[in-house]
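One structure below.
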Amino acid sequence: MAWVEHTYSGPEALAADVAARLASVCRLAIAERGRAILALAGGRTPFPTYSAFAKLDLPWSRVHIIATDERCVPLSHAASNTAELQRAFASVAGVDITALTAADGDPARSEVHARQLLAHTTEAFDVVLLGMGGDAHTASLFPHATQLPAAMSADAEAAYRIDPQPLPLEAPFARISLSLPRLLHCRSLHLLITGEAKRAVLRAAQAGPDPLQMPISGLLHAPSAHVQIHWSP
């Protein structure tokens, strides 16, 4: 396990720096392997970074994006992470954004869809970018979900249906999430956090590796992990 913390004066500075880092990783991946594959989180915290990233000069037709997790809703639904990513990169010509769920959002079909998709995308992600909730979930690896132990295990499938317990009031949907091993199978791993309350959760997870109670700690304490943590007030 290892992590490096970067502190910024505010969300705009964080977004600009992380966007530049993503662009650098993409350029290297494209030069070495012909394309860059990114797994990107939804939620409010990362989207200023995506807006800054989308303004940078890249061969975007060689950039492929998948969500780290998705709500089981139709892709046209306002709660869809894929739809949010499409809006964030709407100004970019050629970028490929692949849906993690079935078009209608059915949870069972979406789990099958995600596993089939990832069976054809077995190489390491060039970037995994994650956020963290106040309950220490990351991606859609929620504490107390019945599927969490399987999704955190060393022999996990690439993706799982996750049913948060309880369902979040702001987004009361089943989810599809990349598993912990699939998130860790990457060349560059970034965790974006803002605010003092979430930094306190982060500190607790750093101090106590209890992945079933604080799923983010499973990421931070994984033997193979090297996490770039980006925090601003």
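Please note that chains go A, B, ... in the order of the structure tokens, that every chain numbers its residues from 1, and that ligands are numbered from 1 in the order shown.
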
How close does region 5-35 of chain A get to region 64-70 of chain A? List, as a tab-separated table, each residue of region 5-35 of chain A within 12 Å, its nearest atom pair and the distance in Å to one decimal, counting only C-alpha atoms.
```
residue	atom	partner	partner_atom	distance
A:Cys26	CA	A:His64	CA	9.9
A:Ala29	CA	A:His64	CA	11.4
A:Ile30	CA	A:His64	CA	10.8
A:Gly34	CA	A:His64	CA	11.1
A:Arg35	CA	A:His64	CA	7.5
```

Each residue of region 12-41 of chain A lying at most 10 Å from region 185-204 of chain A should get a row with its shortest atom-to-atom pair and the distance in Å to one decimal, counting only C-alpha atoms; could you produce that, ordered by chain and increasing number, as a tab-separated table?
```
residue	atom	partner	partner_atom	distance
A:Leu14	CA	A:Leu192	CA	8.5
A:Ala15	CA	A:Leu192	CA	9.3
A:Val18	CA	A:His190	CA	8.5
A:Arg21	CA	A:Ser188	CA	9.7
A:Leu22	CA	A:Ser188	CA	8.8
A:Val25	CA	A:Ser188	CA	7.8
A:Ala29	CA	A:Arg187	CA	9.7
A:Ile37	CA	A:Cys186	CA	9.5
A:Leu38	CA	A:Cys186	CA	9.1
A:Ala39	CA	A:Cys186	CA	9.2
A:Leu40	CA	A:His190	CA	9.7
A:Ala41	CA	A:Leu191	CA	9.6
```

Go ahead and write the selection's residues with N, CA, C and O atoms as an mmCIF file, in the first residue's frame.
```cif
data_model
loop_
_atom_site.group_PDB
_atom_site.id
_atom_site.type_symbol
_atom_site.label_atom_id
_atom_site.label_comp_id
_atom_site.auth_asym_id
_atom_site.auth_seq_id
_atom_site.Cartn_x
_atom_site.Cartn_y
_atom_site.Cartn_z
ATOM 1 N N LEU A 14 -7.558 22.267 -7.643
ATOM 2 C CA LEU A 14 -7.544 20.810 -7.702
ATOM 3 C C LEU A 14 -7.903 20.337 -9.106
ATOM 4 O O LEU A 14 -7.214 19.487 -9.693
ATOM 5 N N ALA A 15 -8.989 20.880 -9.656
ATOM 6 C CA ALA A 15 -9.463 20.450 -10.970
ATOM 7 C C ALA A 15 -8.410 20.679 -12.040
ATOM 8 O O ALA A 15 -8.156 19.809 -12.886
ATOM 9 N N VAL A 18 -5.365 18.131 -11.526
ATOM 10 C CA VAL A 18 -5.694 16.740 -11.842
ATOM 11 C C VAL A 18 -5.957 16.589 -13.342
ATOM 12 O O VAL A 18 -5.543 15.603 -13.957
ATOM 13 N N ARG A 21 -2.727 16.218 -15.029
ATOM 14 C CA ARG A 21 -2.165 14.896 -14.781
ATOM 15 C C ARG A 21 -2.830 13.846 -15.670
ATOM 16 O O ARG A 21 -2.155 12.962 -16.227
ATOM 17 N N LEU A 22 -4.154 13.915 -15.807
ATOM 18 C CA LEU A 22 -4.856 12.963 -16.658
ATOM 19 C C LEU A 22 -4.396 13.086 -18.102
ATOM 20 O O LEU A 22 -4.188 12.077 -18.790
ATOM 21 N N VAL A 25 -1.013 11.417 -18.564
ATOM 22 C CA VAL A 25 -1.125 9.966 -18.600
ATOM 23 C C VAL A 25 -1.693 9.508 -19.944
ATOM 24 O O VAL A 25 -1.219 8.521 -20.540
ATOM 25 N N ALA A 29 0.028 6.992 -22.659
ATOM 26 C CA ALA A 29 -0.655 5.750 -23.032
ATOM 27 C C ALA A 29 -0.848 5.662 -24.544
ATOM 28 O O ALA A 29 -0.629 4.604 -25.152
ATOM 29 N N ILE A 37 -7.338 4.293 -21.796
ATOM 30 C CA ILE A 37 -8.593 3.792 -21.241
ATOM 31 C C ILE A 37 -8.734 4.329 -19.825
ATOM 32 O O ILE A 37 -7.877 4.083 -18.967
ATOM 33 N N LEU A 38 -9.830 5.055 -19.580
ATOM 34 C CA LEU A 38 -10.056 5.722 -18.300
ATOM 35 C C LEU A 38 -11.336 5.203 -17.662
ATOM 36 O O LEU A 38 -12.357 5.062 -18.341
ATOM 37 N N ALA A 39 -11.290 4.934 -16.379
ATOM 38 C CA ALA A 39 -12.486 4.622 -15.592
ATOM 39 C C ALA A 39 -12.729 5.805 -14.662
ATOM 40 O O ALA A 39 -11.906 6.093 -13.788
ATOM 41 N N LEU A 40 -13.853 6.491 -14.864
ATOM 42 C CA LEU A 40 -14.100 7.764 -14.182
ATOM 43 C C LEU A 40 -15.349 7.690 -13.310
ATOM 44 O O LEU A 40 -16.381 7.162 -13.722
ATOM 45 N N ALA A 41 -15.245 8.283 -12.130
ATOM 46 C CA ALA A 41 -16.362 8.311 -11.182
ATOM 47 C C ALA A 41 -17.395 9.348 -11.581
ATOM 48 O O ALA A 41 -17.091 10.349 -12.236
#
```

*Would you mind listing what lies within 7 Å of region 216-233 of chain A as a ChimeraX atom specification, with only C-alpha atoms counted and same-chain residues fewer than 5 positions away left out?*
/A:1-11,14,136-138,180,184,189-196,205-206,209-211

How close does each residue of region 169-200 of chain A get to region 87-104 of chain A, giving the shortest atom pair and distance in Å to one decimal for every residue with an atom at most 10 Å away, counting only C-alpha atoms, sorted by chain and residue number, as CSV?
```
residue,atom,partner,partner_atom,distance
A:Arg175,CA,A:Thr101,CA,9.0
A:Ile176,CA,A:Thr101,CA,7.1
A:Ser177,CA,A:Leu100,CA,8.5
A:Leu178,CA,A:Leu100,CA,9.2
```

Selection from above, C-alpha atoms, as a JSON list (two decimals), in the first residue's frame, can you write it?
```json
[["chain", "number", "residue", "atom", "x", "y", "z"],
["A", 175, "ARG", "CA", -25.98, 0.16, -8.84],
["A", 176, "ILE", "CA", -23.41, -1.56, -10.99],
["A", 177, "SER", "CA", -19.88, -1.11, -9.69],
["A", 178, "LEU", "CA", -16.45, -2.19, -10.73]]
```

*as a PyMOL selection string, list the residues of region 49-212 of chain A assigned to strand (DSSP E or B) by DSSP on the backbone atoms of this structure.*
chain A and resi 63-67+69-71+96-98+125+127-130+138+141+159-162+175-178+186+189-194

*For Glu84 (chain A), list every protein, DNA or RNA residue within 10 Å, evaluated using only C-alpha atoms, and leave out those in the same chain fewer than 5 positions away; present the list as a ChimeraX atom specification.*
/A:42-43,47,67,75-79,89-90

_Report as number ranges by chain all protein, DNA and RNA residues lying within 8 Å of Phe53 (chain A), evaluated on only C-alpha atoms, omitting residues in the same chain fewer than 6 positions from it._
A: 16, 19-20, 22-23

*For Ala119 (chain A), which of A:Arg71, A:Arg33, A:Arg182, A:Lys55 is the closest residue, counting only C-alpha atoms?*
A:Arg182

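In terms of minimum interatomic distance to Ala150 (chain A), A:Pro181 ranks closest within A:Pro74, A:Pro107, A:Pro181, A:Pro46, counting only C-alpha atoms.
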